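Engineer: File work.csv follows (CSV, C-alpha atoms):
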```
chain,number,residue,atom,x,y,z
A,860,MET,CA,70.8,140.9,185.9
A,861,ILE,CA,71.2,144.6,186.8
A,862,ASP,CA,70.9,145.4,183.1
A,863,ARG,CA,67.8,143.3,182.9
A,864,LEU,CA,66.1,145.1,185.8
A,865,GLU,CA,66.9,148.5,184.2
A,866,GLU,CA,65.3,147.3,180.9
A,867,LEU,CA,62.2,146.1,182.7
A,868,LYS,CA,61.9,149.5,184.4
A,869,LEU,CA,62.0,151.4,181.1
A,870,GLU,CA,59.6,148.9,179.5
A,871,ALA,CA,57.1,149.3,182.3
A,872,GLN,CA,57.3,153.1,182.4
A,873,SER,CA,56.7,153.1,178.7
A,874,ALA,CA,53.7,150.8,179.0
A,875,VAL,CA,52.3,153.1,181.8
A,876,THR,CA,52.7,156.2,179.7
A,877,SER,CA,50.8,154.5,176.8
A,878,SER,CA,47.9,153.3,179.0
A,879,GLN,CA,44.6,154.7,177.8
A,880,ASP,CA,42.5,154.0,180.9
A,881,LYS,CA,42.4,152.4,184.4
A,882,LYS,CA,41.9,149.0,183.0
A,883,GLU,CA,45.0,149.1,180.8
A,884,LEU,CA,47.0,150.6,183.7
A,885,GLU,CA,45.9,147.8,186.0
A,886,GLN,CA,47.0,145.2,183.4
A,887,VAL,CA,50.5,146.9,183.3
A,888,ARG,CA,50.8,146.6,187.1
A,889,ILE,CA,49.9,142.9,186.9
A,890,ASN,CA,52.3,142.2,184.0
A,891,TYR,CA,55.3,143.8,185.7
A,892,LEU,CA,54.7,143.7,189.5
A,893,GLY,CA,52.4,140.7,189.7
A,894,LYS,CA,53.5,137.3,191.2
A,895,LYS,CA,54.2,136.0,187.7
A,896,GLY,CA,55.9,139.2,186.4
A,897,PRO,CA,59.5,139.4,185.2
A,898,ILE,CA,60.7,141.3,188.3
A,899,THR,CA,59.5,138.5,190.5
A,900,GLU,CA,61.3,136.0,188.2
A,901,VAL,CA,64.5,138.0,188.7
A,902,LEU,CA,64.2,137.9,192.4
A,903,ARG,CA,63.6,134.1,192.4
A,904,GLY,CA,66.9,133.7,190.6
A,905,MET,CA,68.9,135.4,193.2
A,906,GLY,CA,69.6,132.1,194.9
A,907,LYS,CA,72.1,131.4,192.1
A,908,LEU,CA,74.1,134.6,192.8
A,909,SER,CA,77.1,134.9,195.0
A,910,ALA,CA,76.9,136.4,198.4
A,911,GLU,CA,78.4,139.6,197.2
A,912,GLU,CA,76.0,140.0,194.3
A,913,ARG,CA,72.7,139.3,196.1
A,914,PRO,CA,72.4,142.6,198.1
A,915,VAL,CA,73.3,144.7,195.0
A,916,VAL,CA,70.7,143.0,192.9
A,917,GLY,CA,68.1,143.0,195.7
A,918,GLN,CA,68.6,146.8,196.2
A,919,LYS,CA,68.3,147.4,192.4
A,920,ALA,CA,65.1,145.2,192.2
A,921,ASN,CA,63.5,147.2,195.0
A,922,GLU,CA,64.4,150.5,193.3
A,923,VAL,CA,62.9,149.3,190.0
A,924,ARG,CA,59.7,148.1,191.7
A,925,GLU,CA,59.3,151.4,193.5
A,926,ALA,CA,60.0,153.4,190.3
A,927,ILE,CA,57.4,151.4,188.4
A,928,GLN,CA,54.8,151.7,191.2
A,929,ALA,CA,55.4,155.5,191.3
A,930,SER,CA,54.7,155.7,187.6
A,931,ILE,CA,51.5,153.7,188.0
A,932,ASP,CA,50.4,155.9,190.9
A,933,SER,CA,51.0,159.0,189.0
A,934,LYS,CA,49.1,157.7,186.0
A,935,GLN,CA,46.3,156.5,188.3
A,936,ALA,CA,46.0,160.0,189.8
A,937,PHE,CA,45.9,161.5,186.2
A,938,PHE,CA,42.9,159.2,185.3
A,939,GLU,CA,41.0,160.0,188.5
A,940,GLU,CA,41.5,163.8,188.0
A,941,ALA,CA,40.3,163.5,184.4
A,942,GLU,CA,37.2,161.5,185.5
A,943,LEU,CA,36.4,164.1,188.2
A,944,GLN,CA,36.7,167.0,185.7
A,945,GLU,CA,34.5,165.2,183.2
A,946,LYS,CA,31.9,164.5,185.9
A,947,LEU,CA,32.0,168.1,187.1
A,948,SER,CA,31.6,169.4,183.6
A,949,ALA,CA,28.6,167.1,183.0
A,950,GLU,CA,26.9,168.0,186.3
A,951,LYS,CA,27.7,171.6,186.5
A,952,ILE,CA,24.8,173.9,187.6
A,953,ASP,CA,24.0,177.0,185.8
A,954,VAL,CA,23.2,179.4,188.7
A,955,THR,CA,21.5,181.8,186.3
A,956,LEU,CA,18.6,179.3,185.6
A,957,PRO,CA,15.4,179.8,187.5
A,958,GLY,CA,15.1,177.4,190.5
A,959,LYS,CA,12.5,174.6,190.6
A,960,LYS,CA,9.3,175.6,192.4
A,961,VAL,CA,8.7,173.7,195.6
A,962,GLU,CA,5.0,173.0,196.0
A,963,ALA,CA,3.8,173.9,199.6
A,964,GLY,CA,1.7,171.3,201.3
A,965,SER,CA,-1.7,172.0,202.9
A,966,PRO,CA,-4.1,170.2,205.2
A,967,HIS,CA,-6.3,167.5,203.7
A,968,PRO,CA,-9.9,168.9,203.0
A,969,LEU,CA,-11.3,166.5,205.6
A,970,THR,CA,-8.8,167.7,208.2
A,971,ALA,CA,-9.7,171.3,207.4
A,972,VAL,CA,-13.4,170.6,207.8
A,973,VAL,CA,-12.9,168.8,211.1
A,974,GLU,CA,-10.9,171.8,212.4
A,975,GLN,CA,-13.7,174.2,211.2
A,976,ILE,CA,-16.3,172.2,213.1
A,977,GLU,CA,-14.2,171.8,216.2
A,978,ASP,CA,-13.6,175.6,216.3
A,979,ILE,CA,-17.4,176.2,216.2
A,980,PHE,CA,-18.2,173.8,219.0
A,981,VAL,CA,-15.3,174.8,221.1
A,982,GLY,CA,-16.7,178.3,220.9
A,983,LEU,CA,-20.0,176.9,222.1
A,984,GLY,CA,-18.3,175.4,225.2
A,985,PHE,CA,-17.6,171.9,224.0
A,986,GLU,CA,-14.3,170.0,224.5
A,987,VAL,CA,-12.7,167.8,221.8
A,988,THR,CA,-12.3,164.2,223.0
A,989,GLU,CA,-10.8,161.1,221.2
A,990,GLY,CA,-10.8,157.4,221.8
A,991,PRO,CA,-9.5,154.1,220.3
A,992,GLU,CA,-10.5,153.0,216.8
A,993,VAL,CA,-10.2,149.3,217.8
A,994,GLU,CA,-13.0,149.1,220.3
A,995,LEU,CA,-14.8,146.7,222.6
A,996,ASP,CA,-18.3,145.6,221.7
A,997,TYR,CA,-19.3,146.7,225.2
A,998,TYR,CA,-18.6,150.4,224.5
A,999,ASN,CA,-19.5,150.4,220.8
A,1000,PHE,CA,-22.9,148.8,221.2
A,1001,GLU,CA,-24.0,147.7,224.6
A,1002,MET,CA,-23.4,151.0,226.4
A,1003,MET,CA,-25.3,152.7,223.6
A,1004,ASN,CA,-28.5,150.6,224.3
A,1005,LEU,CA,-27.7,148.1,221.5
A,1006,PRO,CA,-27.6,144.7,223.1
A,1007,ALA,CA,-26.4,141.7,221.1
A,1008,ASP,CA,-29.8,140.8,219.7
A,1009,HIS,CA,-30.8,144.3,218.8
A,1010,PRO,CA,-31.8,144.6,215.1
A,1011,ALA,CA,-30.2,148.0,214.7
A,1012,ARG,CA,-26.8,146.3,214.8
A,1013,ASP,CA,-27.4,145.0,211.3
A,1014,MET,CA,-27.2,148.5,210.0
A,1015,GLN,CA,-23.7,148.9,211.5
A,1016,ASP,CA,-22.1,145.6,210.4
A,1017,SER,CA,-18.4,146.1,211.0
A,1018,PHE,CA,-15.0,144.5,210.9
A,1019,TYR,CA,-14.5,142.2,213.9
A,1020,VAL,CA,-11.0,141.6,215.3
A,1021,SER,CA,-12.4,139.0,217.8
A,1022,GLU,CA,-15.8,138.0,219.1
A,1023,ASP,CA,-15.9,141.1,221.4
A,1024,THR,CA,-13.5,143.5,219.6
A,1025,LEU,CA,-14.1,145.4,216.4
A,1026,LEU,CA,-13.2,148.5,214.4
A,1027,ARG,CA,-15.7,151.0,215.8
A,1028,THR,CA,-18.8,151.8,213.7
A,1029,GLN,CA,-19.3,155.2,215.3
A,1030,THR,CA,-17.5,157.5,217.7
A,1031,SER,CA,-20.2,156.9,220.3
A,1032,PRO,CA,-17.9,154.7,222.4
A,1033,VAL,CA,-16.0,157.9,223.3
A,1034,GLN,CA,-19.2,159.2,224.8
A,1035,ALA,CA,-19.7,156.1,226.9
A,1036,ARG,CA,-16.1,156.2,228.2
A,1037,THR,CA,-16.4,159.9,229.0
A,1038,LEU,CA,-19.6,159.5,230.9
A,1039,GLN,CA,-18.2,156.6,232.9
A,1040,ALA,CA,-15.1,158.6,233.7
A,1041,ALA,CA,-17.3,161.5,235.0
A,1042,LYS,CA,-18.7,159.1,237.6
A,1043,GLY,CA,-22.2,160.5,237.4
A,1044,GLU,CA,-21.3,164.1,237.8
A,1045,GLY,CA,-22.1,166.6,235.1
A,1046,PRO,CA,-21.8,168.7,233.1
A,1047,VAL,CA,-20.3,166.7,230.2
A,1048,ARG,CA,-20.0,168.7,227.0
A,1049,ILE,CA,-17.8,167.0,224.3
A,1050,ILE,CA,-17.4,166.3,220.6
A,1051,CYS,CA,-15.7,163.2,219.4
A,1052,PRO,CA,-14.1,163.4,215.9
A,1053,GLY,CA,-12.4,160.3,214.3
A,1054,LYS,CA,-12.4,157.5,211.7
A,1055,VAL,CA,-15.1,154.9,211.8
A,1056,TYR,CA,-15.6,151.6,209.9
A,1057,ARG,CA,-18.6,149.8,208.4
A,1058,ARG,CA,-18.8,147.0,205.8
A,1059,ASP,CA,-20.5,149.3,203.2
A,1060,GLU,CA,-20.1,149.0,199.5
A,1061,ASP,CA,-18.0,151.8,198.2
A,1062,ASP,CA,-19.8,154.2,195.8
A,1063,ALA,CA,-20.2,157.9,195.3
A,1064,THR,CA,-21.8,158.4,198.7
A,1065,HIS,CA,-20.6,155.5,200.8
A,1066,SER,CA,-17.2,154.2,202.0
A,1067,HIS,CA,-16.1,151.4,204.3
A,1068,GLN,CA,-14.1,154.0,206.2
A,1069,PHE,CA,-15.2,157.5,206.8
A,1070,MET,CA,-14.9,160.4,209.3
A,1071,GLN,CA,-17.5,161.1,211.9
A,1072,ILE,CA,-18.0,163.7,214.6
A,1073,GLU,CA,-20.4,162.9,217.4
A,1074,GLY,CA,-21.3,165.2,220.3
A,1075,LEU,CA,-22.8,164.9,223.8
A,1076,TYR,CA,-24.1,167.4,226.3
A,1077,VAL,CA,-25.3,166.1,229.6
A,1078,ASP,CA,-26.3,168.3,232.5
A,1079,LYS,CA,-29.2,169.2,234.7
A,1080,HIS,CA,-32.3,170.5,232.9
A,1081,VAL,CA,-31.0,170.0,229.3
A,1082,ARG,CA,-33.9,170.2,226.9
A,1083,MET,CA,-34.7,169.6,223.2
A,1084,SER,CA,-34.7,173.4,222.7
A,1085,ASP,CA,-31.0,173.5,223.7
A,1086,LEU,CA,-30.3,171.0,220.9
A,1087,LYS,CA,-32.1,173.1,218.4
A,1088,GLY,CA,-30.4,176.3,219.6
A,1089,VAL,CA,-26.9,174.8,219.4
A,1090,PHE,CA,-27.5,173.5,215.8
A,1091,ASP,CA,-29.2,176.6,214.6
A,1092,THR,CA,-26.0,178.5,215.7
A,1093,PHE,CA,-23.7,175.8,214.2
A,1094,VAL,CA,-25.4,175.7,210.8
A,1095,LYS,CA,-25.2,179.5,210.5
A,1096,GLU,CA,-21.6,179.5,211.4
A,1097,TYR,CA,-20.6,176.6,209.1
A,1098,PHE,CA,-22.9,177.1,206.0
A,1099,GLY,CA,-23.7,180.8,206.3
A,1100,SER,CA,-26.1,183.2,208.2
A,1101,ASP,CA,-28.9,182.7,205.6
A,1102,ARG,CA,-29.3,179.0,206.4
A,1103,ALA,CA,-32.0,177.5,208.5
A,1104,ILE,CA,-32.7,174.1,210.1
A,1105,ARG,CA,-35.7,171.9,210.8
A,1106,LEU,CA,-36.0,168.8,213.0
A,1107,ARG,CA,-37.9,165.7,211.8
A,1108,PRO,CA,-38.9,162.9,214.1
A,1109,SER,CA,-36.7,159.8,213.7
A,1110,TYR,CA,-35.5,156.8,215.7
A,1111,PHE,CA,-32.1,155.9,217.2
A,1112,PRO,CA,-31.7,153.3,220.0
A,1113,PHE,CA,-29.6,155.6,222.1
A,1114,THR,CA,-31.8,158.7,222.0
A,1115,GLU,CA,-35.4,159.4,222.9
A,1116,PRO,CA,-37.0,161.4,221.4
A,1117,SER,CA,-34.8,161.4,218.2
A,1118,ALA,CA,-34.7,163.8,215.3
A,1119,GLU,CA,-33.0,164.1,211.9
A,1120,ILE,CA,-31.8,167.7,211.3
A,1121,ASP,CA,-32.2,169.2,207.9
A,1122,VAL,CA,-30.7,172.3,206.4
A,1123,ASN,CA,-32.4,174.4,203.8
A,1124,CYS,CA,-30.8,173.9,200.4
A,1125,GLY,CA,-28.0,176.3,199.6
A,1126,VAL,CA,-28.5,175.9,195.9
A,1127,CYS,CA,-32.1,176.8,195.5
A,1128,GLY,CA,-32.6,178.6,198.8
A,1129,GLY,CA,-35.4,176.2,199.8
A,1130,ASP,CA,-37.5,176.5,196.6
A,1131,GLY,CA,-36.7,173.0,195.4
A,1132,CYS,CA,-34.1,171.7,192.9
A,1133,ARG,CA,-32.3,168.6,191.8
A,1134,VAL,CA,-29.8,168.8,194.6
A,1135,CYS,CA,-32.4,168.7,197.3
A,1136,LYS,CA,-34.7,166.5,195.3
A,1137,GLN,CA,-37.3,169.3,195.0
A,1138,SER,CA,-37.9,169.3,198.8
A,1139,GLY,CA,-36.0,172.4,199.6
A,1140,TRP,CA,-34.2,170.6,202.5
A,1141,ILE,CA,-31.1,168.4,202.9
A,1142,GLU,CA,-30.6,166.0,205.7
A,1143,VAL,CA,-27.3,166.5,207.5
A,1144,LEU,CA,-27.2,164.6,210.8
A,1145,GLY,CA,-29.0,162.6,213.4
A,1146,SER,CA,-29.7,163.7,216.9
A,1147,GLY,CA,-31.9,163.4,220.0
A,1148,MET,CA,-32.2,163.5,223.7
A,1149,VAL,CA,-29.9,160.9,225.4
A,1150,HIS,CA,-32.0,157.8,226.2
A,1151,PRO,CA,-32.5,157.4,230.0
A,1152,ARG,CA,-31.2,153.9,229.8
A,1153,VAL,CA,-27.9,155.1,228.3
A,1154,LEU,CA,-27.5,157.6,231.1
A,1155,GLU,CA,-28.2,155.0,233.7
A,1156,MET,CA,-25.9,152.3,232.3
A,1157,ASN,CA,-23.1,154.9,232.2
A,1158,GLY,CA,-23.5,156.0,235.8
A,1159,PHE,CA,-25.8,159.0,235.6
A,1160,ASP,CA,-29.2,159.4,237.4
A,1161,PRO,CA,-31.8,160.0,234.6
A,1162,ASP,CA,-34.1,161.6,237.1
A,1163,VAL,CA,-31.4,164.3,237.8
A,1164,TYR,CA,-29.5,164.6,234.5
A,1165,SER,CA,-30.6,164.8,230.9
A,1166,GLY,CA,-28.8,165.6,227.7
A,1167,PHE,CA,-28.7,165.5,223.9
A,1168,ALA,CA,-26.4,163.7,221.5
A,1169,PHE,CA,-25.7,164.0,217.7
A,1170,GLY,CA,-23.6,162.4,215.0
A,1171,MET,CA,-22.5,163.9,211.7
A,1172,GLY,CA,-20.5,162.6,208.7
A,1173,VAL,CA,-17.5,164.9,208.0
A,1174,GLU,CA,-17.4,163.9,204.3
A,1175,ARG,CA,-21.1,164.8,204.0
A,1176,PHE,CA,-20.5,168.2,205.4
A,1177,ALA,CA,-17.5,168.8,203.2
A,1178,MET,CA,-19.4,167.6,200.1
A,1179,LEU,CA,-22.4,169.9,200.9
A,1180,LYS,CA,-20.2,173.0,201.6
A,1181,TYR,CA,-17.9,172.6,198.6
A,1182,GLY,CA,-20.1,171.0,196.0
A,1183,ILE,CA,-18.2,167.7,195.9
A,1184,ASP,CA,-20.1,164.9,194.1
A,1185,ASP,CA,-18.2,161.8,195.0
A,1186,ILE,CA,-16.9,160.7,198.4
A,1187,ARG,CA,-14.1,158.7,196.8
A,1188,HIS,CA,-12.3,161.9,195.8
A,1189,PHE,CA,-11.2,162.4,199.4
A,1190,TYR,CA,-9.3,159.1,199.4
A,1191,THR,CA,-7.7,158.8,195.9
A,1192,ASN,CA,-4.8,161.2,196.7
A,1193,ASP,CA,-5.3,163.1,193.4
A,1194,THR,CA,-3.3,166.3,193.9
A,1195,ARG,CA,-5.5,168.0,191.2
A,1196,PHE,CA,-8.5,167.6,193.6
A,1197,LEU,CA,-6.6,168.3,196.8
A,1198,SER,CA,-4.9,171.4,195.6
A,1199,GLN,CA,-8.3,173.1,195.2
A,1200,PHE,CA,-8.5,173.2,199.1
A,1201,LYS,CA,-5.2,174.9,199.9
A,1202,HIS,CA,-6.9,178.0,201.3
A,1203,VAL,CA,-9.9,176.3,203.0
```
For this file, produce the structure as structure tokens.
Structural biologist:
Amino acid sequence: MIDRLEELKLEAQSAVTSSQDKKELEQVRINYLGKKGPITEVLRGMGKLSAEERPVVGQKANEVREAIQASIDSKQAFFEEAELQEKLSAEKIDVTLPGKKVEAGSPHPLTAVVEQIEDIFVGLGFEVTEGPEVELDYYNFEMMNLPADHPARDMQDSFYVSEDTLLRTQTSPVQARTLQAAKGEGPVRIICPGKVYRRDEDDATHSHQFMQIEGLYVDKHVRMSDLKGVFDTFVKEYFGSDRAIRLRPSYFPFTEPSAEIDVNCGVCGGDGCRVCKQSGWIEVLGSGMVHPRVLEMNGFDPDVYSGFAFGMGVERFAMLKYGIDDIRHFYTNDTRFLSQFKHV
């Protein structure tokens, strides 16, 4: 039995040496050290040996098992080292090659335009104020002089969360909240940038979601001339010192009187062209004196306080300034388009 164990050791070591990969090596381990292997069979036969032979054979069996396992471990380490060297060789980095260029990010063009507009109005003494996008009908419509049966609501059909909660159609609710927080004491001088939502059909000039900036100035003795002066300054700062504005009468439920503000066309200089539809002017925003009813509903005495309000579409201002012909470019995340505004 001692001789048989020695033969098994030599056979196993030879099989380990001739193994070509980990799979073959594992099979050698199973064949010789497994539960059905020959060494196990030898140990099972020890019951037939005399008391004097058993410890000798048992010791020899353990020595053979340990020798075979050591050979397997050595071969296993050899395979692992070979695999590591092969992997390192395949994945080695040539440090002399030029590195991959990492593209630097930049603000989205709409974000950049919002910041430009904010900077101008902050310089004119306005504060930047924000509010919730999921808004109550009370603030979105009623406090803006748009009761439930007002026909002007049809032009701002929106996405309703519940009967009295909706995605805001304008940033006007921020004005109402700010006026109420002021508790009837002026001055209030704010602009309100943010996303708004309307159920519009998406096309080159319309989107169901867009950016808007509204503004409000309420104080004693605020006049229409103040509105004109602020926007004459704003337009020259934003579009250039050669630009002029004009006010056209209009109608909005929350302002009285109301006016559309036009800017002379930057393409033709006011002579008339395809861009301005031969008029020489381009409409940019709506404005007007805050309706006395709006002041009263939000806690201000209309006999003491007056003010003006305005609303502008950020996408429209970006399109006019940078010659963009389709509002959808802002939302398709095409880096070829966005990369043009890295230095805006």
Engineer: If you measure from atom CA of A:Tyr997 to atom CA of A:Glu1060, what distance in Å do you get, rounded to one decimal?
Structural biologist: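 Distance between the two atoms: 25.8 Å.
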Engineer: Quick one: residues within 7 Å of stretch 970-977 of chain A, all atoms listed in the file counted, chain neighbours fewer than 2 positions away excluded, as a PDB file with C-alpha atoms, in the frame of the given file?
Structural biologist:
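Result file follows (out.pdb):
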```pdb
ATOM      1  CA  PRO A 966      -4.100 170.200 205.200  1.00  0.00           C
ATOM      2  CA  HIS A 967      -6.300 167.500 203.700  1.00  0.00           C
ATOM      3  CA  PRO A 968      -9.900 168.900 203.000  1.00  0.00           C
ATOM      4  CA  ILE A 979     -17.400 176.200 216.200  1.00  0.00           C
ATOM      5  CA  PHE A 980     -18.200 173.800 219.000  1.00  0.00           C
ATOM      6  CA  VAL A 981     -15.300 174.800 221.100  1.00  0.00           C
ATOM      7  CA  VAL A1173     -17.500 164.900 208.000  1.00  0.00           C
ATOM      8  CA  ALA A1177     -17.500 168.800 203.200  1.00  0.00           C
ATOM      9  CA  VAL A1203      -9.900 176.300 203.000  1.00  0.00           C
TER      10      VAL A1203
END
```
Engineer: Within 10 Å of A:Val987, counting only C-alpha atoms, which residues qualify if same-chain residues fewer than 5 places away don't, as a VMD selection string?
Structural biologist: chain A and resid 977 to 978 980 to 981 1048 to 1052 1072 1074
Engineer: So, counting all atoms listed in the file, which residue among A:Leu1026, A:Ala1118, A:Leu1038, A:Ile1186 is closest to A:Asp1062?
Structural biologist: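 For A:Asp1062, the nearest of the candidates is A:Ile1186.
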Engineer: As an exercise, work out the distance from atom CA of A:Val1143 to atom CA of A:Cys1124 in Å and give it to one decimal place.
Structural biologist: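 Taking atom CA of A:Val1143 as the start and atom CA of A:Cys1124 as the end point, the length is 10.8 Å.
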Engineer: Please check which residues have atoms at most 10 Å from (-27.1, 184.0, 201.3) in the file's coordinates, counting all atoms listed in the file, and write them as a list in words.
Structural biologist: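 Every residue inside that radius is included here: Phe1098, Gly1099, Ser1100, Asp1101, Arg1102, Gly1125, Val1126 and Gly1128 of chain A.
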Engineer: Pick from A:Ala936, A:Val1077, A:Ala941, A:Met1171: nearest to A:Phe1159, with only C-alpha atoms counted?
Structural biologist: A:Val1077
Engineer: Kindly give the distance, in Å, that separates atom CA of A:Phe1196 and atom CA of A:Leu1179, rounded to a single decimal.
Structural biologist: 15.9 Å
Engineer: Could you check the closest approach to A:Asp1078 for each of A:Cys1127, A:Val887, A:Met1148, A:Leu869 and tell me which residue wins, using only C-alpha atoms?
Structural biologist: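 Looking only at the distances to A:Asp1078, the closest residue turns out to be A:Met1148.
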Engineer: Which residue is closest to A:Ala929? Choose from A:Ser1146, A:Gln872, A:Gln1071, A:Thr1092 and count all atoms listed in the file.
Structural biologist: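 Closest residue, counting all atoms listed in the file: A:Gln872.
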Engineer: For A:Asp1059, please output as a PyMOL selection string all residues within 12 Å (counting all atoms listed in the file; exclusion window: fewer than 4 positions along the same chain).
Structural biologist: chain A and resi 1013-1018+1028+1055+1063-1069
Engineer: Given only C-alpha atoms as the basis, pick out the residue of A:Asn1123, A:Thr899, A:Gln1029, A:Ser948 nearest to A:Val1094.
Structural biologist: A:Asn1123
Engineer: Taking only C-alpha atoms into account, which of A:Leu1197, A:Val1134, A:Met1178, A:Ile931 comes nearest A:Ser878?
Structural biologist: A:Ile931
Engineer: Residues near stretch 1019-1021 of chain A, anyone? I mean within 12 Å using all atoms listed in the file, not counting same-chain ones fewer than 4 positions away, as number ranges by chain.
Structural biologist: A: 992-996, 999, 1015, 1025-1028, 1056-1058
Engineer: Any idea what's packed within 12 Å of A:Leu867, counting all atoms listed in the file, ignoring anything in its chain fewer than 4 positions away? Could you give it as a ChimeraX atom specification?
Structural biologist: /A:860-863,871-874,887,890-892,896-901,919-920,922-924,926-927
